[in-house]
Protein chains: 2
Amino acid sequence: MSATASQSTIPNSLLDADEPDTVRLSVDEARAIGEAAVQRIGYSAEDARIVVDQLIDNMLCGYKFAGLPRILAMAGDEKIKLGRTPIRVVKETPVSALMDGGNHIGYVTCYHAAQKAIEKAKAHGICCVGVYNTYYSGRNAYFVEHIVKAGYLAMHTASNKPRVVPPGAAVPALGTNPMCFGFPSEEGPVTFDIGTASMMWGDVMLHAHLNELLPEGVGIDENGNPTRDAAAALKGGVAPFGGKDYVYKGYGLSFAIQALGLLAGSAIIRDEVLDYGFLFWAVNPEIMLPGNDFKQRMSQYVREMKALPKQPGVSEIRIPSERASRERERRRVEGLVVKRKVVESLRAL
Amino acid sequence: MSATASQSTIPNSLLDADEPDTVRLSVDEARAIGEAAVQRIGYSAEDARIVVDQLIDNMLCGYKFAGLPRILAMAGDEKIKLGRTPIRVVKETPVSALMDGGNHIGYVTCYHAAQKAIEKAKAHGICCVGVYNTYYSGRNAYFVEHIVKAGYLAMHTASNKPRVVPPGAAVPALGTNPMCFGFPSEEGPVTFDIGTASMMWGDVMLHAHLNELLPEGVGIDENGNPTRDAAAALKGGVAPFGGKDYVYKGYGLSFAIQALGLLAGSAIIRDEVLDYGFLFWAVNPEIMLPGNDFKQRMSQYVREMKALPKQPGVSEIRIPSERASRERERRRVEGLVVKRKVVESLRAL
């Protein structure tokens, strides 16, 4: 794990020019550092395993800000001080479950909600699972992949706290509200994960940290005026995605995802309709099509898309989640590159 | 129905300056003309009732090109010549149904699929219903409203034939692939209906008909080159929605909806993965939340959105489907305005 000696063997592709002081970690090494840190900030060994499994997967897929550094943010989150109660199912039918997340972080509650969705889809073919009284869950596709690997199609939506300003409004009212679809294929899960804000909130924070201007049309300050100043947008919000021509599509999707959050119980705890609600829908394709048919058709579909005639200069047609899957395979072998300062901070927690 | 005498009483809001030769029809009059015409082109009285009920609703909501003139397009559709077999359920579980549409038009097959979804959501709380071997279904929100009025949340996606060119490709491969979400509230259904193409195909046809240029970034000609010529785009296709900054969101949604079409059996009849597949998901909110809770929360959510502080010069925050609902109420009273030529053509069928 002492990586200085081996840095000369790190492929250039893994070294960011602006981050010279990095260490290369194997997946097992990164996992051990992460789990120890998460336990030190008060989580059980089991919860730490669940949280860090996603963080490692995010890093493998190339989402470095969704990786180990997130543990530092978790440690500082005010919600952690409010205490936790056990995650429990408060309402259940053969095809549904509503779960009180007990103020556990979404990494953990969504893991259990996805497991519940798998159980119910397995037993009854289709289900709906919601979880409330929870917060930040990370990358939706991580949970959706779990469901898809079990053999099911999945849709997952996540409403969260107000960051996004509806067209015409002067204040944020909708969350960044991502949605993710997942499909089994013979080559593994194919997922499509979309945020409905014009910029991820973490990216706005990063722009503010680096003192970089936001693109036009993204930021709104605390007085409801357009701004390119990221620090000002942090006190206000951001537009839905879409730009001038398509903002009503981004807004409408965000609106719908916030409504699906209500179905997941988002309003139960604080009597507040604009809050966190994580919803999962899973369906076993065998209730619709014979045997392995869906997976085969999905693979045929992806093959046909890849084989389309291309525009000049285009090397390939991109399929959603394909890049992340490829990067994951590569990094499993090459290892993960983490800033030395992050590793030191994690050890100091 | 002879409207010339009464035209002076038509509110100005209903008279398009470029369409002076119109007649005003009551809803009952428009329905009678439409049903007679649909029966004359070979549909049963029951099917005619189903088709025209949507066309009238589309006109009431302000979608005039989705109204009675569509019957003229139906009469000319090559699919009508291929003959029809009865719509039947080919695979069923308590929570799902797969339906062979028997080459019936989507107006009719989706009506029956939505009815089936209502039955199953009522009996078991959640369901998935798909229909294949069918085509053009009109406005998704029409079917979703039926499900929502029965008390359920709904999602409906519709894959269709290749019109949309994936980023980097030179030919269309995806349908215009709309998706619609619907939510019950105490004031009635709230729906969000979105196409995933940069322009509706009917709108491209209209631009070609009127010899109007397409906006930048929409059209692709048959050789895969960008074009603003609508007639050239009709031989090629259109981009997914999103523009330069967000096209991968539009593409990904379109990709996912095409995959959901596979679940609805789109590949069964012609062994072709890029074809029509209409999928419905419905869920009874009472499997998740107590009694009337979802409807109340949904109303609270809409009220809070409407009450947000607004930007200067903005008169109201728009809620998806609100405008259409308002126009519907107004036109129910004021009547429908149809081109005289359309009425004459319908009578001559």
# chains A, B, ... in the order shown; residues from 1 in each chain; ligands from 1
>>> residues_around(residues="Met155 (chain B)", least_positions_apart="3", cutoff="6 Å", atoms="only C-alpha atoms", output="ChimeraX atom specification")
/B:180-181,280-281
>>> write_last_selection(atoms="C-alpha atoms", output="compact mmCIF listing (two decimals), in the first residue's frame")
# COMPACT_ATOMS: atom_id res chain seq x y z
CA CYS B 180 -45.69 9.62 -19.44
CA PHE B 181 -46.07 9.66 -15.66
CA PHE B 280 -47.88 0.33 -18.72
CA TRP B 281 -46.92 0.22 -15.05
>>> interface_residues(of="chain B", to="chain A", cutoff="6 Å", atoms="only C-alpha atoms", output="count of residues only")
13
>>> closest_residue(among="B:Ile105, B:Val131, B:Leu234, B:Ala117", to="Val164 (chain B)", atoms="only C-alpha atoms")
B:Leu234
>>> atom_distance(atom1="CA of Lys235 (chain A)", atom2="CA of Glu212 (chain A)")
15.9 Å
>>> select_by_dssp(residues="region 268-340 of chain B", states="strand (DSSP E)", output="JSON, numbers by chain")
{"B": [277, 278, 279, 280, 281, 282, 283, 336, 337, 338, 339]}
>>> residues_around(residues="region 41-48 of chain A", least_positions_apart="6", cutoff="12 Å", atoms="only C-alpha atoms", output="ChimeraX atom specification")
/A:31-35,54-56,68,71-77,80-81,83-84,86-87,104-112,346-349
